[in-house]
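A short worksheet on the structure shown next.
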Amino acid sequence: MSMPNFLIIGAAKAGTTALYHSLKVHPQIYMSPVKEPKFFAFEGVQVDWQGPGDQEAFSNYITDIKDYHKLFEEVSHEIAIGEASPWYICSPRAAERIQYHIPDVKLIAILRDPADRAYSQFLHLVRNGREVLTDFTQALQEEEYRVSKNWGWTWQYRNRGFYYNQLKPYFDRFNHDQIKVYLYEDWNADPINILKDIFQFIGVEENFVPNISSRHNVSVIPKNKYLHNVLTKPNLLKSILKPLIPNGIRYDLINRLKSQNLTKPPLLPQVRKQLIQVYREDILKLQDLIHRDLSKWLQ
């Protein structure tokens with residue numbers, strides 16, 4: 001039975017989707033066909049979160065070891081076997097379960113400025129129609145109330161940015177040479193060199209260069225919600241136009257209109273300043289843990 005020999009453990013909204021797709025095309029790497037099985041966070045657990053869309057979002061999570069093994073049944077000649085579940089970094093039990101099942105595993109994390117990460121997560125849920133609040137400040141104020149009402153981790157915009165507290169259990173349980181921590185800004189600036197370093201880390205051909213032109217899981221929101229719904233959901237207008245416009249032209253038109261209708265409003269400076277104060281102590285501890293200068297996150 002095959003098990004992963006490397007894991008991407010997070011963080012969410014820090015490039016893990018793009019990294020998953022970049023690794024997946026390497027001929028010596030096998031990536032789980034389910035991008036986020038979440039097994040080590042929820043082994044043997046029945047999730048009963050009550051936030052909007054939480055149950056649907058967790059329809060594909062895996063809790064049984066036999067089902068987890070099935071994800072890797074197609075492994076053949078690949079050297080590196082992996083999966084990507086950003087939930088692992090913030091799970092209080094994932095590090096222990098990973099150590100129990102695959103103690104020699106290699107672990108990869110990408111960390112993003114926690115204030116920017118929190119805002120990106122908020123925009124992601126607004127884009128998907130799950131977050132009804134359009135004011136990020138209000139959503140932050142609602143966070144603890146939502147936690148008390150058993151809403152899922154997805155809604156913890158602020159809490160998921162305390163990386164020192166989240167990574168420390170991994171550094172306590174695993175040899176430090178089993179862990180690689182990258183910064184999101186480095187990934188954005190030079191993804192090819194980051195991939196080369198990861199290829200070396202997991203023991204595959206390092207000179208393979210994947211196509212990284214596609215963008216994945218970008219957090220933007222619609223300028224006009226009505227137009228967005230018309231373009232993305234089944235409706236009478238689309239049914240009428242379908243037989244009148246050739247498929248290729250129709251898809252191009254819809255994608256162009258969707259793109260033009262999407263925007264990414266900036267994080268307000270005063271909100272960022274407030275979040276920096278919340279994260280300051282954690283960021284300073286994280287610097288020492290991963291031996292990186294994170295002063296830009298404090299600006």
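Identifiers for the structure tokens are assigned positionally: chains receive A, B, ... in sequence, residues are indexed from 1 per chain, and ligands are indexed from 1 in the order shown.
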**OP:** For Pro33 of chain A, work out the shell of residues within 12 Å, counting only C-alpha atoms and skipping chain neighbours fewer than 3 positions away, then give it as a PyMOL selection string.
**Re:** chain A and resi 20-21+24-25+30+36-37+60+68-75+81-84
Subject >> Nearest to Ala95 of chain A by atom-to-atom distance, counting only C-alpha atoms, from A:Phe40, A:Tyr279, A:Tyr164, A:Phe58 >> reply: A:Phe40
**OP:** For Ile110 of chain A, work out the shell of residues within 10 Å, counting only C-alpha atoms and skipping chain neighbours fewer than 5 positions away, then give it as number ranges by chain.
**Re:** A: 8-16, 19, 86, 180-187
Subject >> For Phe39 of chain A: contacts at 6 Å, only C-alpha atoms, fewer than 2 positions along chain excluded, given as number ranges by chain >> reply: A: 37, 41-43, 62-63
**OP:** Tell me, as a PyMOL selection string, which residues lie within 10 Å of Asn175 of chain A, counting only C-alpha atoms; anything in the same chain fewer than 4 positions away does not count.
**Re:** chain A and resi 103-104+106+170-171+179
**OP:** Give the strand (DSSP E or B) residues of segment 24-258 of chain A, as DSSP finds them on the backbone, and put them as a VMD selection string.
**Re:** chain A and resid 29 to 31 80 to 84 106 to 111 179 to 183 221 to 222
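A straight line drawn from atom CA of Leu298 of chain A to atom CA of Leu268 of chain A is 15.2 Å long.
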Subject >> Close residues, segment 47-56 of chain A itself excluded, 12 Å, only C-alpha atoms, min 5 positions apart in chain, as an MDAnalysis selection string >> reply: chainID A and resid 38:39 41:42 61:63 125:126 128:132 143 145:156
Original post:
Restricting the calculation to only C-alpha atoms, which member of A:Ala80, A:Leu111, A:Met3, A:Ile192 is positioned closest to Ile98 of chain A?
Top reply: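 The answer is A:Met3, which sits nearest to Ile98 of chain A.
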**OP:** Find, counting only C-alpha atoms, the residue in A:Phe162, A:Phe201, A:Phe6, A:Tyr119 that gets nearest to Pro269 of chain A.
**Re:**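 Between A:Phe162, A:Phe201, A:Phe6, A:Tyr119, the residue approaching Pro269 of chain A most closely is A:Tyr119.
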**OP:** Could you check how far atom CA of Lys285 of chain A sits from atom CA of Asn5 of chain A, in Å to one decimal?
**Re:**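 A separation of 28.5 Å between them.
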Original post:
Which residue out of A:Asn159, A:Ala115, A:Leu195, A:Val204 has the minimum interatomic distance to Arg272 of chain A when only C-alpha atoms are used?
Top reply: A:Ala115
**OP:** Figure out the distance between atom CA of Met1 of chain A and atom CA of His26 of chain A, please, to one decimal in Å.
**Re:**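 According to the coordinates, atom CA of His26 of chain A and atom CA of Met1 of chain A are separated by 21.9 Å.
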